[in-house]
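J.: Just passing along the structure, written as structure tokens.
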Amino acid sequence: MVPKNKILKILSEYDRDKITIATLCSHSSLQIFNGAKKEGFKTLGLAIRDNNRFYDAFPLAKPDEIMKLSSYSELVDNYDEFLARNVIVVPHGSFVEYMSASKFEDMPIPTFGNRKVLAWESDRNKMREWLESAGISMPRVIEDPKAIDRPVLVKYNGAKGGRGFFIAKDYPDFKLGIDTEQPYTIQEYVLGTRYYLHFFYSPIKTDGYRVSEGSVELMSMDRRDESNVDEMYKLGAAEELKRLGYYPTFVVTGNVSVVLRESLLPKVFEMGERVIQRSYELFGGMIGPFCLESIVTDKLEFKVFEISSRIVAGSNPFVSGSPYSDLVEPDMSTGRRISREIKVARDNGQLEKVIS
Amino acid sequence: MVPKNKILKILSEYDRDKITIATLCSHSSLQIFNGAKKEGFKTLGLAIRDNNRFYDAFPLAKPDEIMKLSSYSELVDNYDEFLARNVIVVPHGSFVEYMSASKFEDMPIPTFGNRKVLAWESDRNKMREWLESAGISMPRVIEDPKAIDRPVLVKYNGAKGGRGFFIAKDYPDFKLGIDTEQPYTIQEYVLGTRYYLHFFYSPIKTDGYRVSEGSVELMSMDRRDESNVDEMYKLGAAEELKRLGYYPTFVVTGNVSVVLRESLLPKVFEMGERVIQRSYELFGGMIGPFCLESIVTDKLEFKVFEISSRIVAGSNPFVSGSPYSDLVEPDMSTGRRISREIKVARDNGQLEKVIS
Amino acid sequence: MVPKNKILKILSEYDRDKITIATLCSHSSLQIFNGAKKEGFKTLGLAIRDNNRFYDAFPLAKPDEIMKLSSYSELVDNYDEFLARNVIVVPHGSFVEYMSASKFEDMPIPTFGNRKVLAWESDRNKMREWLESAGISMPRVIEDPKAIDRPVLVKYNGAKGGRGFFIAKDYPDFKLGIDTEQPYTIQEYVLGTRYYLHFFYSPIKTDGYRVSEGSVELMSMDRRDESNVDEMYKLGAAEELKRLGYYPTFVVTGNVSVVLRESLLPKVFEMGERVIQRSYELFGGMIGPFCLESIVTDKLEFKVFEISSRIVAGSNPFVSGSPYSDLVEPDMSTGRRISREIKVARDNGQLEKVIS
């Protein structure tokens, strides 16, 4: 992990009137760049793949400049260029995944948010420790397959992007599906509807819903489209399809906007609040956008199966605001909210509170 | 039922420049308060539960004041306070359900809409009488379980919020599922896609789509998320899950925005029109927002399974307008439309037409 | 097909300051009229059915005038009236379907877009030839039913609006379902999530994402609601329902807004680009809105099963913009984009490039 004082040293040498917001050209970059432009920042796209022409189609989200890199390591190696541009990096899910958590932690470039969160987020056990010690209810883990007494979700370790999961209704179903060569974990399959809750925690905002030294906002909510599980039922029952060799997969292909039953909002904010408070105790606080990925059961209870502690692609439907953020300030995407936070922090001499 | 002349007497003593819009802190209160603020009214939240901090997170929807009540009866008992604040109550689904229809009818506080609608809405038989006599097609009722010759929905009387329903495909399926201890009704299960059609009827608007003495608008449409039935198919077929002891439930957890095939809009307005016209004949007219909860079959026919004659939570995605209301006036939620109606009625000396 | 020089002759006699945008009163007419009004055009609705009162409910989308026609042929017969009004017709899916492709081709009234596209779109074989020769991946066609070795979609020729399809998982399933009296085609059933990609190709725009002589935009995306297949799973497994005589149908009843995983956007634009380029080679270019109807598999590959080369009803959720068009220009629907194109073309003396 790059030491914070090294980052602060770099920041102290920045021309704060010429900050450039940079992110990787993917995932949620359109709203990150669009938001940065709305807040008056320069923008820099970091591109690994060749084809970034699609930005031409979105003039209000096209970065001022695209830096083509042959690999992620090049990003780290040539960091002088970033410093010369007064760059603040805005990470997103793909950014960290493609770069690897350890390289991201070591990147000697000022970055929005607290990079210490990564250690707690990228390890499933530590994530569970964080969330459960914050009082968040999660799907139960089942250690012994023979103890499967309800539907379960079996995840192979290192499963990414929705591959390498399967659902088993009971132990025979588990035996039928399991590849014992690979390490796996078994989790209770929670029946219910899914809400991906997009929060934004500001450590410098002193009004609104106060948490710890700052304030938390609810930006929006989405539900993920997953291929092929979403439409598989049209073909037949899961049991019958298995016999034919078709298994459900959970690859995220897009997002749909949703709103939650209003009477559940107090619980939503309590969950957000506790996760932030616990993050201060564990690693000095989580900053900026995060997402609680939850299932609401028919008893109206939340089960959180994951936390993402940066901007999620599920916020992409809300480029111009959501039914929630419109009640804070119209036309505010999560991408724009990040740049707003950087702008306010800069204007008040508090950049060190939102950067690591 | 509180007599209308008593309400009019109270209204006559109001300071009409200081009207306060009040509602219960739940359900669709964010858009009701947000809309009231946009129309320039003071706002008052009525809170039974302790935790109303979530309003702090939504400054544009936070009521000017929150009145904490220990119970719903306290609301009725201390009504002097309401009158001193020149309160007009905006009811929503939870408001009436929690307070009970009879207490709501008797509440001696000016209330938006015609409270006489409740008697026709809260009794399933009277609702059916209203809708069918208005020419609305509804799912068929099946009196004798042995006559089940198609898929049916069995509802236990008093079922609330989506519990206490079950689907049966035939008579054996019915026998397997039924708890004969509880009274129930059997209704044809209509296959199709669901559209919850949000209307607003103004008795004082003299342009637009004229109905009776006023005019009807189409505000928006949603589809409800229901836990656990929405995602149950991922686990397996309904038949197989039943054998394992898993039954679908229909608890509403949220809402998704939808639009309807445009060629069906004439039918939508005809249905809205007939329901309003019939409401005048039966109980002097329904005022303000109402929702026809419908299924569209593959023959493009509507089957309406319920009417809600006040603001529904399904309008919550449309805090800043919908693809329909944007064609009337941008940035118009159903919550705001209610306050607009109160404002126009006040300014034209017609409050008695929209209040009971 | 009406000769282009005949249309150009008519155009040359138009009063270009008094152009009227006309379309059939259905499908996506609300946004077409709303968009035309925003761009300052007069509007004319062409109505076959009697009931067009629903426009009264949408003052911002109500055409200035409605011309009642007893049949579609009347539209062609009395075209002097159209010319006197300086009418440009904006076609949509229902317009062409109800009028018939051949009558539409012959209509001696200036029409937005290139009518030559119809010959390539209304014939399934030619459509496949166009798309596949453009490098678009489509679901495989299976010639011999006995060769069915995976799930398939069987379509009866002339099937419209989602009727006359069925899904078969294997050859026995096919034999069970097929009506051999009717001609049919068999297509691989692609498992995945559906994205209806709404493009707009301008031959006169010289910035943005350049394609051929013009530029392409991504306006929005939707997913169709289909009755009864969408909700059929609630009743039971497809296999079980078939035994009871219930078969899935695919009648479009509405639309839901979606966004796509951002990393797939380069592929989306490449597909749009190739289809446009190939359209120039085959028939002189496709102009204006078109839709690629696609499935994204769990390998993140697109399979395109159809192209619609005019405005689709799936753009109806986006009357006031979408998460994509908001990154080009706020408040821009596909309907408005059409009128903007006509306005820009007129102002620059290029109407002949967007009209046929």
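Numbering starts fresh at 1 for the residues of each chain in the structure tokens, the chains themselves are lettered A, B, ... in the order given, and ligands are numbered from 1 as they appear.
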Using only C-alpha atoms, which protein or nucleic acid residues come within 9 Å of segment 121-129 of chain A? Drop anything in the same chain fewer than 6 positions from it, and give the result as number ranges by chain.
T.: A: 101, 138, 305-309
J.: Could you give me, as a list in words, the residues within 6 Å of segment 198-213 of chain A, counting only C-alpha atoms and dropping anything in the same chain fewer than 3 positions from it?
T.: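 My reading of the contact set: Val216, Glu217, Leu218, Met219, Ser220, Met221, Ile287, Gly288, Pro289, Phe290 and Cys291 of chain A; Asp56 and Ala57 of chain B.
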J.: When you look at Thr180 of chain C with a cut-off of 12 Å (counting only C-alpha atoms), what residues show up, excluding the ones that are within fewer than 3 positions of it in the same chain? I need them as a PyMOL selection string.
T.: chain C and resi 145+154-157+174-177+183-185
J.: Just to be explicit: take each residue in the selection above, keep N, CA and C atoms, and write the result as a short mmCIF file (atom, residue, chain, number, x, y, z; two decimals), in the first residue's frame.
T.:
data_model
loop_
_atom_site.label_atom_id
_atom_site.label_comp_id
_atom_site.auth_asym_id
_atom_site.auth_seq_id
_atom_site.Cartn_x
_atom_site.Cartn_y
_atom_site.Cartn_z
N PRO C 145 -35.96 -30.50 -39.31
CA PRO C 145 -36.38 -30.67 -37.91
C PRO C 145 -35.64 -31.81 -37.22
N VAL C 154 -39.51 -22.01 -33.15
CA VAL C 154 -40.18 -22.32 -34.41
C VAL C 154 -41.15 -21.19 -34.72
N LYS C 155 -40.98 -20.59 -35.88
CA LYS C 155 -41.84 -19.47 -36.27
C LYS C 155 -42.64 -19.86 -37.50
N TYR C 156 -43.95 -19.73 -37.41
CA TYR C 156 -44.78 -19.90 -38.61
C TYR C 156 -44.60 -18.66 -39.48
N ASN C 157 -44.52 -18.87 -40.78
CA ASN C 157 -44.34 -17.73 -41.68
C ASN C 157 -45.53 -16.79 -41.55
N PHE C 174 -40.55 -30.71 -30.63
CA PHE C 174 -40.95 -30.09 -31.89
C PHE C 174 -42.16 -30.81 -32.48
N LYS C 175 -42.07 -32.14 -32.52
CA LYS C 175 -43.16 -32.93 -33.12
C LYS C 175 -44.46 -32.71 -32.36
N LEU C 176 -44.34 -32.61 -31.05
CA LEU C 176 -45.52 -32.38 -30.20
C LEU C 176 -46.20 -31.07 -30.55
N GLY C 177 -45.39 -30.05 -30.84
CA GLY C 177 -45.94 -28.71 -31.00
C GLY C 177 -46.30 -28.30 -32.41
N PRO C 183 -46.47 -23.33 -43.20
CA PRO C 183 -45.02 -23.23 -43.40
C PRO C 183 -44.35 -22.58 -42.19
N TYR C 184 -43.13 -23.01 -41.89
CA TYR C 184 -42.45 -22.52 -40.68
C TYR C 184 -40.95 -22.45 -40.92
N THR C 185 -40.25 -21.76 -40.05
CA THR C 185 -38.79 -21.83 -40.03
C THR C 185 -38.35 -22.16 -38.61
#
J.: Compute the set of chain B residues within 6 Å of chain A, using only C-alpha atoms, and express it as a PyMOL selection string.
T.: chain B and resi 26-27+54+56-61+227-228+236-237+251+253-256+317+319
J.: Identify, with DSSP run on backbone atoms, the residues in segment 24-237 of chain B assigned to strand (DSSP E), and express the list as a ChimeraX atom specification.
T.: /B:24,42-47,65-68,87-89,141-142,152-156,165-168,184-188,193-202,209-211,214-228
J.: Which one of C:Gly284, C:Gly40, C:Gly335, C:Gly93 sits closest to Lys116 of chain C if you count only C-alpha atoms?
T.: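 Nearest candidate to Lys116 of chain C out of C:Gly284, C:Gly40, C:Gly335, C:Gly93: C:Gly284.
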